[in-house]
Amino acid sequence: MGDLKFLGMDFSCAFRSLSDGKFPDKDCLLPLISKLLGYCIVAASTTVKLPQILKILRHQSVRGLSVVAFELEVVGYTIALAYCLHKGLPFSAYGELAFLLIQAIVLVAIIYYYSLPLGTKTWIRPLLYCAVAPTILAGQIEPILFEALYASQHAIFFLARVPQIWQNYTNKSTGELSFLTFLMNFGGSLVRVFTSIQEKAPTSVLMGSVMGIVMNGTILSQIITYQKPHGKKKVKKDN
C-alpha cells in the first residue's frame with residue numbers, strides 16, 4: 001500500500017494494520033490522533049470567541065469585562081503566532097492562534113466601542129500595536145529578542161487573566177463574560193497539551209498550554225460560582 005498522506009497526516013500505517021486485521025499500534029495511532037485533534041482545535045477556534053462577541057452585542061454592554069485583560073490577550077496571541085511561524089511548526093500545532101488573534105482584535109474593537117468615550121492613553125495602545133505587530137509577525141527581529149518575547153508572552157497571558165480574575169472576585173460577578181467561550185478555551189488548552197507533546201513542540205509552547213488550563217479553568221469556575229440563580233416566576237392570581 002502506497003503512502004496515504006493528507007494535510008501532513010499519514011494514514012498508511014493505520015490502513016496497513018487494519019487490512020491485516022490488526023489494531024494500529026500506539027506509535028502509529030498517537031501521531032495521527034494528535035494531528036486530527038490539532039486540526040479539530042483549529043476548526044473550533046474559528047468560532048471560539050463568537051459567543052463572547054454575540055453576548056456583548058446582544059446586551060450592548062461590557063459590564064464586568066477588563067479592557068486591559070483583552071488588550072494583553074491580543075499581544076500574547078501576536079507573539080505566540082509569530083514564534084510558531086518563525087519555528088516552522090506544522091499548522092496543526094498552532095493554526096488556532098491565527099483565528100484567535102483575529103477574533104481577539106474584533107473583540108477589543110467592540111469593547112472600545114461600548115466603552116466610549118476613550119481617553120488618550122487608551123488610543124495610544126492600539127496605535128502602538130499596529131506599528132509594531134507587523135514587524136513581529138514578519139519575524140524581522142533578532143533571534144535572541146524573539147526568544148525573549150516568547151518567554152515574556154507567558155507572563156503576558158498570565159497578566160491578561162489576572163485583572164479579569166481579580167475583577168470577578170471583587171465584584172462577585174463575571175458580568176458579560178461568556179461561559180461557552182471560556183469552556184472552549186479550557187478544552188482547547190487540554191487538547192493542546194497532548195498535541196504539543198506528540199508534535200515535540202518546544203517546552204515553552206507546552207507550558208503555555210498548561211497555563212491556559214489553569215487560568216481559563218479559574219475563570220470558568222468563577223462564572224459557575226458567581227452566576228445568579230434564576231428567580232422563580234411569580235404567578236399572578238386573579239381576585
# chains A, B, ... in the order shown; residues from 1 in each chain; ligands from 1

$ residues_around --residues "Ile111 (chain A)" --least-positions-apart "3" --cutoff "10 Å" --atoms "only C-alpha atoms" --output "JSON, numbers by chain"
{"A": [53, 56, 57, 60, 61, 62, 63, 65, 66, 67, 70, 71, 105, 106, 107, 108, 114, 115, 116]}

$ residues_around --residues "region 131-136 of chain A" --least-positions-apart "5" --cutoff "12 Å" --atoms "only C-alpha atoms" --output "count of residues only"
25

$ residues_around --residues "region 161-174 of chain A" --least-positions-apart "2" --cutoff "12 Å" --atoms "only C-alpha atoms" --output "MDAnalysis selection string"
chainID A and resid 62:73 76 154:159 176:179 182 211:228

$ write_last_selection --atoms "C-alpha atoms" --output "JSON list (two decimals), in the first residue's frame"
[["chain", "number", "residue", "atom", "x", "y", "z"],
["A", 62, "VAL", "CA", -19.18, 45.33, 28.50],
["A", 63, "ARG", "CA", -20.10, 45.21, 32.20],
["A", 64, "GLY", "CA", -17.54, 43.29, 34.24],
["A", 65, "LEU", "CA", -15.02, 43.00, 31.40],
["A", 66, "SER", "CA", -11.43, 44.14, 31.92],
["A", 67, "VAL", "CA", -10.27, 46.12, 28.85],
["A", 68, "VAL", "CA", -6.59, 45.64, 29.74],
["A", 69, "ALA", "CA", -7.08, 41.87, 30.01],
["A", 70, "PHE", "CA", -8.39, 41.63, 26.44],
["A", 71, "GLU", "CA", -5.71, 44.01, 25.11],
["A", 72, "LEU", "CA", -2.96, 41.87, 26.63],
["A", 73, "GLU", "CA", -4.58, 38.79, 25.12],
["A", 76, "GLY", "CA", 0.04, 37.43, 23.66],
["A", 154, "HIS", "CA", 3.60, 33.51, 29.16],
["A", 155, "ALA", "CA", 3.78, 36.41, 31.62],
["A", 156, "ILE", "CA", 1.58, 38.45, 29.24],
["A", 157, "PHE", "CA", -1.12, 35.76, 29.15],
["A", 158, "PHE", "CA", -0.86, 35.43, 32.93],
["A", 159, "LEU", "CA", -1.27, 39.19, 33.37],
["A", 176, "GLU", "CA", -20.87, 39.73, 30.44],
["A", 177, "LEU", "CA", -18.19, 37.01, 30.28],
["A", 178, "SER", "CA", -19.29, 34.09, 28.11],
["A", 179, "PHE", "CA", -19.31, 30.65, 29.73],
["A", 182, "PHE", "CA", -14.08, 30.05, 28.31],
["A", 211, "MET", "CA", -1.03, 27.91, 31.90],
["A", 212, "GLY", "CA", -4.11, 28.17, 29.67],
["A", 213, "ILE", "CA", -5.68, 25.25, 31.54],
["A", 214, "VAL", "CA", -5.06, 26.90, 34.91],
["A", 215, "MET", "CA", -6.16, 30.44, 34.01],
["A", 216, "ASN", "CA", -9.16, 29.56, 31.84],
["A", 217, "GLY", "CA", -10.20, 26.94, 34.38],
["A", 218, "THR", "CA", -10.12, 29.58, 37.12],
["A", 219, "ILE", "CA", -12.36, 31.98, 35.19],
["A", 220, "LEU", "CA", -14.66, 29.13, 34.19],
["A", 221, "SER", "CA", -15.07, 28.18, 37.86],
["A", 222, "GLN", "CA", -15.82, 31.84, 38.70],
["A", 223, "ILE", "CA", -18.53, 32.00, 36.03],
["A", 224, "ILE", "CA", -20.14, 28.90, 37.54],
["A", 225, "THR", "CA", -19.71, 30.13, 41.14],
["A", 226, "TYR", "CA", -20.93, 33.70, 40.64],
["A", 227, "GLN", "CA", -23.81, 33.02, 38.27],
["A", 228, "LYS", "CA", -27.07, 34.38, 39.60]]

$ residues_around --residues "Thr203 (chain A)" --least-positions-apart "5" --cutoff "12 Å" --atoms "only C-alpha atoms" --output "tab-separated table (two decimals) with C-alpha atoms, in the first residue's frame"
chain	number	residue	atom	x	y	z
A	150	TYR	CA	8.14	34.44	23.50
A	151	ALA	CA	9.36	33.86	27.04
A	154	HIS	CA	3.60	33.51	29.16
A	193	VAL	CA	-1.08	19.81	25.83
A	196	SER	CA	2.27	19.66	21.83
A	197	ILE	CA	3.81	16.53	23.37
A	198	GLN	CA	3.16	14.49	20.23
A	208	GLY	CA	1.75	27.98	27.62
A	209	SER	CA	-0.97	25.36	27.17
A	210	VAL	CA	-0.66	24.28	30.81
